[in-house]
Amino acid sequence: DIQMTQSPSSLSASVGDRVTITCQASQDISNYLNWYQQKPGKAPKLLIYDASNLQTGVPSRFSGSGSGTDFTFTIISLQPEDVATYYCQQYDNLPFTFGPGTKVDIK
Amino acid sequence: QVRLQESGPGLVKPSETLSLTCTVSGGSISSYYWSWIRQPAGKGLEWIGRIYTSGSTNYNPSLKSRVTMSVDTSKSHFSLKLTSVTAADTAVYYCARDPGGYRFDSWGQGTLVTVSS
């Protein structure tokens with residue numbers, strides 16, 4: 001299985017701050033990576049697919065980049081409603097695997 | 001707007017079989033992959049497996065010996081069976097739609113299944 005790691009595991013930032021999360025794959029996965037947002041008690045929501053494509057309806061303050069083994073997810077200007085846990089997911093190989101998540105809250 | 005709804009027992013005894021159904025409404029069940037994903041309390045996401053509307057399946061090797069998925073397009077639902085459950089199978093179980101075979105763009109609300117005697 002392809003192992004996914006994320007850093008940091010949690011962060012606290014102020015409203016309006018730029019927030020960056022990194023995701024690393026245990027092997028080259030090209031751009032076969034998605035990002036999800038999960039708010040407490042809710043199902044995950046797809047934000048970014050193919051490493052950098054914004055899912056329809058998702059605010060443009062969210063973005064993704066990277067290829068190979070190293071990927072970045074950015075919130076350009078953190079909003080209160082962005083408090084959530086963020087997960088990366090690879091789809092280069094089955095089984096699909098997720099990163100352990102990064103919990104984001106407001107300072 | 002497609003809607004997915006999981007249903008099934010919230011409590012299953014150890015060694016018995018967990019059975020869940022996901023009903024799809026507001027959109028077609030045809031020509032999509034449909035996955036099951038679970039999340040133990042306070043932990044991350046684990047992909048269990050998927051089924052295409054043709055009936056073709058892929059399972060996570062870690063669970064493959066215990067998992068069976070099926071689809072009934074006439075009833076617009078698909079199902080998960082997980083045999084010989086233990087406490088380690090206690091989790092919120094989600095069903096999700098996968099339009100291209102690689103991303104989950106619609107999810108059910110999730111259903112908590114507890115394995116306990």
# chains A, B, ... in the order shown; residues from 1 in each chain; ligands from 1
call {"tool": "residues_around", "arguments": {"residues": "A:Gln37", "least_positions_apart": "3", "cutoff": "9 Å", "atoms": "only C-alpha atoms", "output": "PyMOL selection string"}}
result
chain A and resi 43-47+82+84-87
call {"tool": "residues_around", "arguments": {"residues": "stretch 104-111 of chain B", "least_positions_apart": "6", "cutoff": "6 Å", "atoms": "only C-alpha atoms", "output": "list in words"}}
result
Ala43 and Leu46 of chain A; Leu4, Gln5, Val92, Tyr93, Tyr94, Cys95, Ala96, Arg97 and Asp98 of chain B
call {"tool": "closest_atom_pairs", "arguments": {"of": "chain A", "to": "chain B", "cutoff": "9 Å", "atoms": "only C-alpha atoms", "output": "Markdown table"}}
result
| residue | atom | partner | partner_atom | distance |
| --- | --- | --- | --- | --- |
| A:Tyr32 | CA | B:Tyr102 | CA | 8.3 |
| A:Leu33 | CA | B:Arg103 | CA | 8.8 |
| A:Asn34 | CA | B:Arg103 | CA | 7.0 |
| A:Gly41 | CA | B:Gln109 | CA | 8.9 |
| A:Lys42 | CA | B:Gln109 | CA | 6.5 |
| A:Ala43 | CA | B:Gln109 | CA | 5.6 |
| A:Pro44 | CA | B:Trp107 | CA | 7.2 |
| A:Lys45 | CA | B:Asp105 | CA | 7.1 |
| A:Leu46 | CA | B:Asp105 | CA | 5.6 |
| A:Leu47 | CA | B:Asp105 | CA | 8.8 |
| A:Tyr49 | CA | B:Arg103 | CA | 7.1 |
| A:Asp50 | CA | B:Arg103 | CA | 8.9 |
| A:Gln55 | CA | B:Asp105 | CA | 8.4 |
| A:Tyr87 | CA | B:Gly44 | CA | 8.4 |
| A:Gln89 | CA | B:Arg103 | CA | 8.6 |
| A:Gln90 | CA | B:Tyr102 | CA | 8.4 |
| A:Tyr91 | CA | B:Tyr102 | CA | 5.6 |
| A:Asp92 | CA | B:Tyr102 | CA | 8.4 |
| A:Leu94 | CA | B:Asn60 | CA | 7.5 |
| A:Pro95 | CA | B:Asn60 | CA | 5.3 |
| A:Phe96 | CA | B:Trp47 | CA | 6.2 |
| A:Thr97 | CA | B:Trp47 | CA | 6.7 |
| A:Phe98 | CA | B:Leu45 | CA | 6.2 |
| A:Gly99 | CA | B:Gly44 | CA | 7.6 |
| A:Pro100 | CA | B:Gly44 | CA | 5.4 |
| A:Gly101 | CA | B:Gly44 | CA | 6.7 |
call {"tool": "residues_around", "arguments": {"residues": "A:Leu11", "least_positions_apart": "6", "cutoff": "8 Å", "atoms": "only C-alpha atoms", "output": "PDB file with C-alpha atoms, in the first residue's frame"}}
result
ATOM      1  CA  THR A 102      -4.319  17.909   9.729  1.00  0.00           C
ATOM      2  CA  LYS A 103      -6.579  19.633  12.219  1.00  0.00           C
ATOM      3  CA  VAL A 104      -6.943  23.373  11.623  1.00  0.00           C
ATOM      4  CA  ASP A 105      -8.415  25.744  14.176  1.00  0.00           C
TER       5      ASP A 105
END
call {"tool": "atom_distance", "arguments": {"atom1": "atom CA of B:Ser84", "atom2": "atom CA of B:Glu16"}}
result
5.1 Å
call {"tool": "residues_around", "arguments": {"residues": "A:Ser52", "least_positions_apart": "3", "cutoff": "8 Å", "atoms": "only C-alpha atoms", "output": "list in words"}}
result
Ile48, Tyr49, Ser63, Gly64, Ser65 and Gly66 of chain A
call {"tool": "atom_distance", "arguments": {"atom1": "atom CA of A:Ile106", "atom2": "atom CA of A:Val19"}}
result
10.9 Å
call {"tool": "closest_residue", "arguments": {"among": "B:Ser65, B:Ser54, B:Ser74, B:Thr114", "to": "B:Gly8", "atoms": "only C-alpha atoms"}}
result
B:Thr114
call {"tool": "select_by_dssp", "arguments": {"residues": "stretch 10-107 of chain A", "states": "strand (DSSP E)", "output": "ChimeraX atom specification"}}
result
/A:10-13,19-25,33-38,45-49,53-54,62-67,70-75,84-90,97-98,102-106
call {"tool": "residues_around", "arguments": {"residues": "B:Val24", "least_positions_apart": "5", "cutoff": "9 Å", "atoms": "only C-alpha atoms", "output": "list in words"}}
result
Val2, Arg3, Leu4, Gln5, Ile29, Lys75, Ser76, His77 and Phe78 of chain B
call {"tool": "write_last_selection", "arguments": {"atoms": "all heavy atoms", "output": "PDB file, in the first residue's frame"}}
result
ATOM      1  N   VAL B   2     -27.327  14.734  -6.042  1.00  0.00           N
ATOM      2  CA  VAL B   2     -27.405  13.354  -5.569  1.00  0.00           C
ATOM      3  C   VAL B   2     -27.332  13.319  -4.051  1.00  0.00           C
ATOM      4  O   VAL B   2     -26.641  14.130  -3.416  1.00  0.00           O
ATOM      5  CB  VAL B   2     -26.279  12.514  -6.204  1.00  0.00           C
ATOM      6  CG1 VAL B   2     -24.923  12.933  -5.680  1.00  0.00           C
ATOM      7  CG2 VAL B   2     -26.519  11.036  -5.969  1.00  0.00           C
ATOM      8  N   ARG B   3     -28.064  12.379  -3.464  1.00  0.00           N
ATOM      9  CA  ARG B   3     -28.049  12.194  -2.017  1.00  0.00           C
ATOM     10  C   ARG B   3     -27.805  10.725  -1.724  1.00  0.00           C
ATOM     11  O   ARG B   3     -28.390   9.848  -2.367  1.00  0.00           O
ATOM     12  CB  ARG B   3     -29.372  12.656  -1.416  1.00  0.00           C
ATOM     13  CG  ARG B   3     -29.426  12.606   0.097  1.00  0.00           C
ATOM     14  CD  ARG B   3     -30.640  13.342   0.656  1.00  0.00           C
ATOM     15  NE  ARG B   3     -30.707  13.228   2.113  1.00  0.00           N
ATOM     16  CZ  ARG B   3     -31.446  12.324   2.756  1.00  0.00           C
ATOM     17  NH1 ARG B   3     -32.179  11.453   2.079  1.00  0.00           N
ATOM     18  NH2 ARG B   3     -31.451  12.292   4.075  1.00  0.00           N
ATOM     19  N   LEU B   4     -26.935  10.466  -0.740  1.00  0.00           N
ATOM     20  CA  LEU B   4     -26.630   9.098  -0.330  1.00  0.00           C
ATOM     21  C   LEU B   4     -27.036   8.944   1.134  1.00  0.00           C
ATOM     22  O   LEU B   4     -26.770   9.834   1.958  1.00  0.00           O
ATOM     23  CB  LEU B   4     -25.133   8.803  -0.478  1.00  0.00           C
ATOM     24  CG  LEU B   4     -24.571   8.610  -1.879  1.00  0.00           C
ATOM     25  CD1 LEU B   4     -24.524   9.911  -2.667  1.00  0.00           C
ATOM     26  CD2 LEU B   4     -23.185   7.990  -1.819  1.00  0.00           C
ATOM     27  N   GLN B   5     -27.644   7.815   1.445  1.00  0.00           N
ATOM     28  CA  GLN B   5     -28.098   7.568   2.807  1.00  0.00           C
ATOM     29  C   GLN B   5     -27.761   6.143   3.219  1.00  0.00           C
ATOM     30  O   GLN B   5     -28.276   5.182   2.629  1.00  0.00           O
ATOM     31  CB  GLN B   5     -29.604   7.794   2.915  1.00  0.00           C
ATOM     32  CG  GLN B   5     -30.176   7.538   4.299  1.00  0.00           C
ATOM     33  CD  GLN B   5     -29.721   8.565   5.307  1.00  0.00           C
ATOM     34  OE1 GLN B   5     -29.907   9.756   5.131  1.00  0.00           O
ATOM     35  NE2 GLN B   5     -29.091   8.094   6.385  1.00  0.00           N
ATOM     36  N   ILE B  29     -27.758   5.877 -10.309  1.00  0.00           N
ATOM     37  CA  ILE B  29     -26.739   5.012  -9.725  1.00  0.00           C
ATOM     38  C   ILE B  29     -25.841   4.419 -10.823  1.00  0.00           C
ATOM     39  O   ILE B  29     -24.734   3.945 -10.544  1.00  0.00           O
ATOM     40  CB  ILE B  29     -27.384   3.893  -8.886  1.00  0.00           C
ATOM     41  CG1 ILE B  29     -26.337   3.192  -8.001  1.00  0.00           C
ATOM     42  CG2 ILE B  29     -28.116   2.892  -9.783  1.00  0.00           C
ATOM     43  CD1 ILE B  29     -26.915   2.222  -7.000  1.00  0.00           C
ATOM     44  N   LYS B  75     -33.180  -0.891  -7.492  1.00  0.00           N
ATOM     45  CA  LYS B  75     -33.571  -0.253  -6.247  1.00  0.00           C
ATOM     46  C   LYS B  75     -32.699   0.951  -5.923  1.00  0.00           C
ATOM     47  O   LYS B  75     -32.876   1.587  -4.880  1.00  0.00           O
ATOM     48  CB  LYS B  75     -33.510  -1.260  -5.096  1.00  0.00           C
ATOM     49  CG  LYS B  75     -34.507  -2.392  -5.236  1.00  0.00           C
ATOM     50  CD  LYS B  75     -34.442  -3.339  -4.044  1.00  0.00           C
ATOM     51  CE  LYS B  75     -35.469  -4.458  -4.188  1.00  0.00           C
ATOM     52  NZ  LYS B  75     -35.414  -5.432  -3.071  1.00  0.00           N
ATOM     53  N   SER B  76     -31.756   1.226  -6.791  1.00  0.00           N
ATOM     54  CA  SER B  76     -30.840   2.364  -6.618  1.00  0.00           C
ATOM     55  C   SER B  76     -30.132   2.300  -5.264  1.00  0.00           C
ATOM     56  O   SER B  76     -30.045   3.299  -4.534  1.00  0.00           O
ATOM     57  CB  SER B  76     -31.618   3.674  -6.757  1.00  0.00           C
ATOM     58  OG  SER B  76     -30.769   4.716  -7.171  1.00  0.00           O
ATOM     59  N   HIS B  77     -29.628   1.115  -4.950  1.00  0.00           N
ATOM     60  CA  HIS B  77     -28.838   1.004  -3.736  1.00  0.00           C
ATOM     61  C   HIS B  77     -27.706  -0.002  -3.897  1.00  0.00           C
ATOM     62  O   HIS B  77     -27.706  -0.828  -4.817  1.00  0.00           O
ATOM     63  CB  HIS B  77     -29.712   0.715  -2.503  1.00  0.00           C
ATOM     64  CG  HIS B  77     -30.270  -0.670  -2.411  1.00  0.00           C
ATOM     65  ND1 HIS B  77     -31.460  -0.939  -1.795  1.00  0.00           N
ATOM     66  CD2 HIS B  77     -29.812  -1.876  -2.800  1.00  0.00           C
ATOM     67  CE1 HIS B  77     -31.694  -2.229  -1.827  1.00  0.00           C
ATOM     68  NE2 HIS B  77     -30.712  -2.823  -2.435  1.00  0.00           N
ATOM     69  N   PHE B  78     -26.717   0.127  -3.024  1.00  0.00           N
ATOM     70  CA  PHE B  78     -25.619  -0.824  -2.988  1.00  0.00           C
ATOM     71  C   PHE B  78     -25.353  -1.170  -1.529  1.00  0.00           C
ATOM     72  O   PHE B  78     -25.764  -0.438  -0.621  1.00  0.00           O
ATOM     73  CB  PHE B  78     -24.374  -0.295  -3.708  1.00  0.00           C
ATOM     74  CG  PHE B  78     -23.796   0.985  -3.164  1.00  0.00           C
ATOM     75  CD1 PHE B  78     -22.645   0.966  -2.376  1.00  0.00           C
ATOM     76  CD2 PHE B  78     -24.369   2.208  -3.469  1.00  0.00           C
ATOM     77  CE1 PHE B  78     -22.095   2.135  -1.892  1.00  0.00           C
ATOM     78  CE2 PHE B  78     -23.822   3.397  -2.985  1.00  0.00           C
ATOM     79  CZ  PHE B  78     -22.679   3.354  -2.201  1.00  0.00           C
TER      80      PHE B  78
END
call {"tool": "atom_distance", "arguments": {"atom1": "atom CA of B:Thr17", "atom2": "atom CA of B:Thr68"}}
result
10.7 Å
call {"tool": "select_by_dssp", "arguments": {"residues": "chain B", "states": "helix (DSSP H, G or I)", "output": "PyMOL selection string"}}
result
chain B and resi 64-66+87-89
call {"tool": "write_last_selection", "arguments": {"atoms": "C-alpha atoms", "output": "short mmCIF file (atom, residue, chain, number, x, y, z; two decimals), in the first residue's frame"}}
result
data_model
loop_
_atom_site.label_atom_id
_atom_site.label_comp_id
_atom_site.auth_asym_id
_atom_site.auth_seq_id
_atom_site.Cartn_x
_atom_site.Cartn_y
_atom_site.Cartn_z
CA LYS B 64 -10.77 -8.59 1.44
CA SER B 65 -11.36 -11.95 3.12
CA ARG B 66 -14.31 -10.55 5.08
CA ALA B 87 -14.37 -4.38 18.26
CA ALA B 88 -11.77 -3.10 15.78
CA ASP B 89 -14.55 -2.79 13.21
#
call {"tool": "residues_around", "arguments": {"residues": "B:Leu18", "least_positions_apart": "6", "cutoff": "10 Å", "atoms": "only C-alpha atoms", "output": "PyMOL selection string"}}
result
chain B and resi 8-12+67+80-85+89+113-115
call {"tool": "residues_around", "arguments": {"residues": "B:Thr21", "least_positions_apart": "5", "cutoff": "6 Å", "atoms": "only C-alpha atoms", "output": "list of chain:residue names"}}
result
B:Glu6, B:Ser7, B:Phe78, B:Ser79
call {"tool": "decode", "arguments": {"residues": "stretch 7-31 of chain A", "atoms": "N, CA and C atoms", "output": "PDB file, in the first residue's frame"}}
result
ATOM      1  N   SER A   7       1.833  16.878   7.365  1.00  0.00           N
ATOM      2  CA  SER A   7       2.349  17.738   8.416  1.00  0.00           C
ATOM      3  C   SER A   7       1.868  19.167   8.201  1.00  0.00           C
ATOM      4  N   PRO A   8       1.626  19.869   9.316  1.00  0.00           N
ATOM      5  CA  PRO A   8       1.664  19.334  10.677  1.00  0.00           C
ATOM      6  C   PRO A   8       0.434  18.475  10.963  1.00  0.00           C
ATOM      7  N   SER A   9       0.381  17.883  12.138  1.00  0.00           N
ATOM      8  CA  SER A   9      -0.815  17.123  12.506  1.00  0.00           C
ATOM      9  C   SER A   9      -1.922  18.060  12.965  1.00  0.00           C
ATOM     10  N   SER A  10      -1.538  19.225  13.444  1.00  0.00           N
ATOM     11  CA  SER A  10      -2.510  20.246  13.818  1.00  0.00           C
ATOM     12  C   SER A  10      -1.852  21.604  13.753  1.00  0.00           C
ATOM     13  N   LEU A  11      -2.674  22.626  13.580  1.00  0.00           N
ATOM     14  CA  LEU A  11      -2.173  23.988  13.561  1.00  0.00           C
ATOM     15  C   LEU A  11      -3.271  24.934  14.026  1.00  0.00           C
ATOM     16  N   SER A  12      -2.830  26.072  14.526  1.00  0.00           N
ATOM     17  CA  SER A  12      -3.728  27.108  14.955  1.00  0.00           C
ATOM     18  C   SER A  12      -3.289  28.398  14.287  1.00  0.00           C
ATOM     19  N   ALA A  13      -4.210  29.079  13.631  1.00  0.00           N
ATOM     20  CA  ALA A  13      -3.866  30.292  12.908  1.00  0.00           C
ATOM     21  C   ALA A  13      -4.969  31.334  13.089  1.00  0.00           C
ATOM     22  N   SER A  14      -4.634  32.569  12.768  1.00  0.00           N
ATOM     23  CA  SER A  14      -5.601  33.660  12.909  1.00  0.00           C
ATOM     24  C   SER A  14      -6.423  33.804  11.631  1.00  0.00           C
ATOM     25  N   VAL A  15      -7.605  34.366  11.784  1.00  0.00           N
ATOM     26  CA  VAL A  15      -8.432  34.665  10.615  1.00  0.00           C
ATOM     27  C   VAL A  15      -7.640  35.573   9.669  1.00  0.00           C
ATOM     28  N   GLY A  16      -7.661  35.223   8.411  1.00  0.00           N
ATOM     29  CA  GLY A  16      -6.932  35.977   7.405  1.00  0.00           C
ATOM     30  C   GLY A  16      -5.536  35.453   7.117  1.00  0.00           C
ATOM     31  N   ASP A  17      -5.044  34.566   7.963  1.00  0.00           N
ATOM     32  CA  ASP A  17      -3.711  34.002   7.748  1.00  0.00           C
ATOM     33  C   ASP A  17      -3.690  33.056   6.553  1.00  0.00           C
ATOM     34  N   ARG A  18      -2.502  32.895   6.012  1.00  0.00           N
ATOM     35  CA  ARG A  18      -2.251  31.878   4.986  1.00  0.00           C
ATOM     36  C   ARG A  18      -1.864  30.599   5.714  1.00  0.00           C
ATOM     37  N   VAL A  19      -2.517  29.497   5.348  1.00  0.00           N
ATOM     38  CA  VAL A  19      -2.290  28.206   5.997  1.00  0.00           C
ATOM     39  C   VAL A  19      -1.794  27.217   4.945  1.00  0.00           C
ATOM     40  N   THR A  20      -0.737  26.496   5.281  1.00  0.00           N
ATOM     41  CA  THR A  20      -0.181  25.519   4.355  1.00  0.00           C
ATOM     42  C   THR A  20      -0.036  24.166   5.036  1.00  0.00           C
ATOM     43  N   ILE A  21      -0.504  23.133   4.356  1.00  0.00           N
ATOM     44  CA  ILE A  21      -0.410  21.752   4.829  1.00  0.00           C
ATOM     45  C   ILE A  21       0.355  20.972   3.768  1.00  0.00           C
ATOM     46  N   THR A  22       1.244  20.100   4.215  1.00  0.00           N
ATOM     47  CA  THR A  22       1.963  19.273   3.263  1.00  0.00           C
ATOM     48  C   THR A  22       1.555  17.813   3.394  1.00  0.00           C
ATOM     49  N   CYS A  23       1.637  17.119   2.291  1.00  0.00           N
ATOM     50  CA  CYS A  23       1.301  15.695   2.205  1.00  0.00           C
ATOM     51  C   CYS A  23       2.413  15.022   1.415  1.00  0.00           C
ATOM     52  N   GLN A  24       2.881  13.914   1.925  1.00  0.00           N
ATOM     53  CA  GLN A  24       3.954  13.186   1.247  1.00  0.00           C
ATOM     54  C   GLN A  24       3.551  11.737   1.032  1.00  0.00           C
ATOM     55  N   ALA A  25       3.795  11.260  -0.173  1.00  0.00           N
ATOM     56  CA  ALA A  25       3.500   9.869  -0.509  1.00  0.00           C
ATOM     57  C   ALA A  25       4.767   9.027  -0.398  1.00  0.00           C
ATOM     58  N   SER A  26       4.592   7.745  -0.110  1.00  0.00           N
ATOM     59  CA  SER A  26       5.743   6.853   0.064  1.00  0.00           C
ATOM     60  C   SER A  26       6.378   6.453  -1.258  1.00  0.00           C
ATOM     61  N   GLN A  27       5.719   6.785  -2.373  1.00  0.00           N
ATOM     62  CA  GLN A  27       6.291   6.567  -3.694  1.00  0.00           C
ATOM     63  C   GLN A  27       5.670   7.564  -4.664  1.00  0.00           C
ATOM     64  N   ASP A  28       6.244   7.664  -5.839  1.00  0.00           N
ATOM     65  CA  ASP A  28       5.769   8.605  -6.846  1.00  0.00           C
ATOM     66  C   ASP A  28       4.317   8.288  -7.232  1.00  0.00           C
ATOM     67  N   ILE A  29       3.448   9.278  -7.048  1.00  0.00           N
ATOM     68  CA  ILE A  29       2.039   9.094  -7.416  1.00  0.00           C
ATOM     69  C   ILE A  29       1.617  10.106  -8.486  1.00  0.00           C
ATOM     70  N   SER A  30       2.597  10.665  -9.190  1.00  0.00           N
ATOM     71  CA  SER A  30       2.290  11.675 -10.213  1.00  0.00           C
ATOM     72  C   SER A  30       1.444  12.784  -9.582  1.00  0.00           C
ATOM     73  N   ASN A  31       0.310  13.102 -10.182  1.00  0.00           N
ATOM     74  CA  ASN A  31      -0.584  14.100  -9.585  1.00  0.00           C
ATOM     75  C   ASN A  31      -1.875  13.456  -9.097  1.00  0.00           C
TER      76      ASN A  31
END
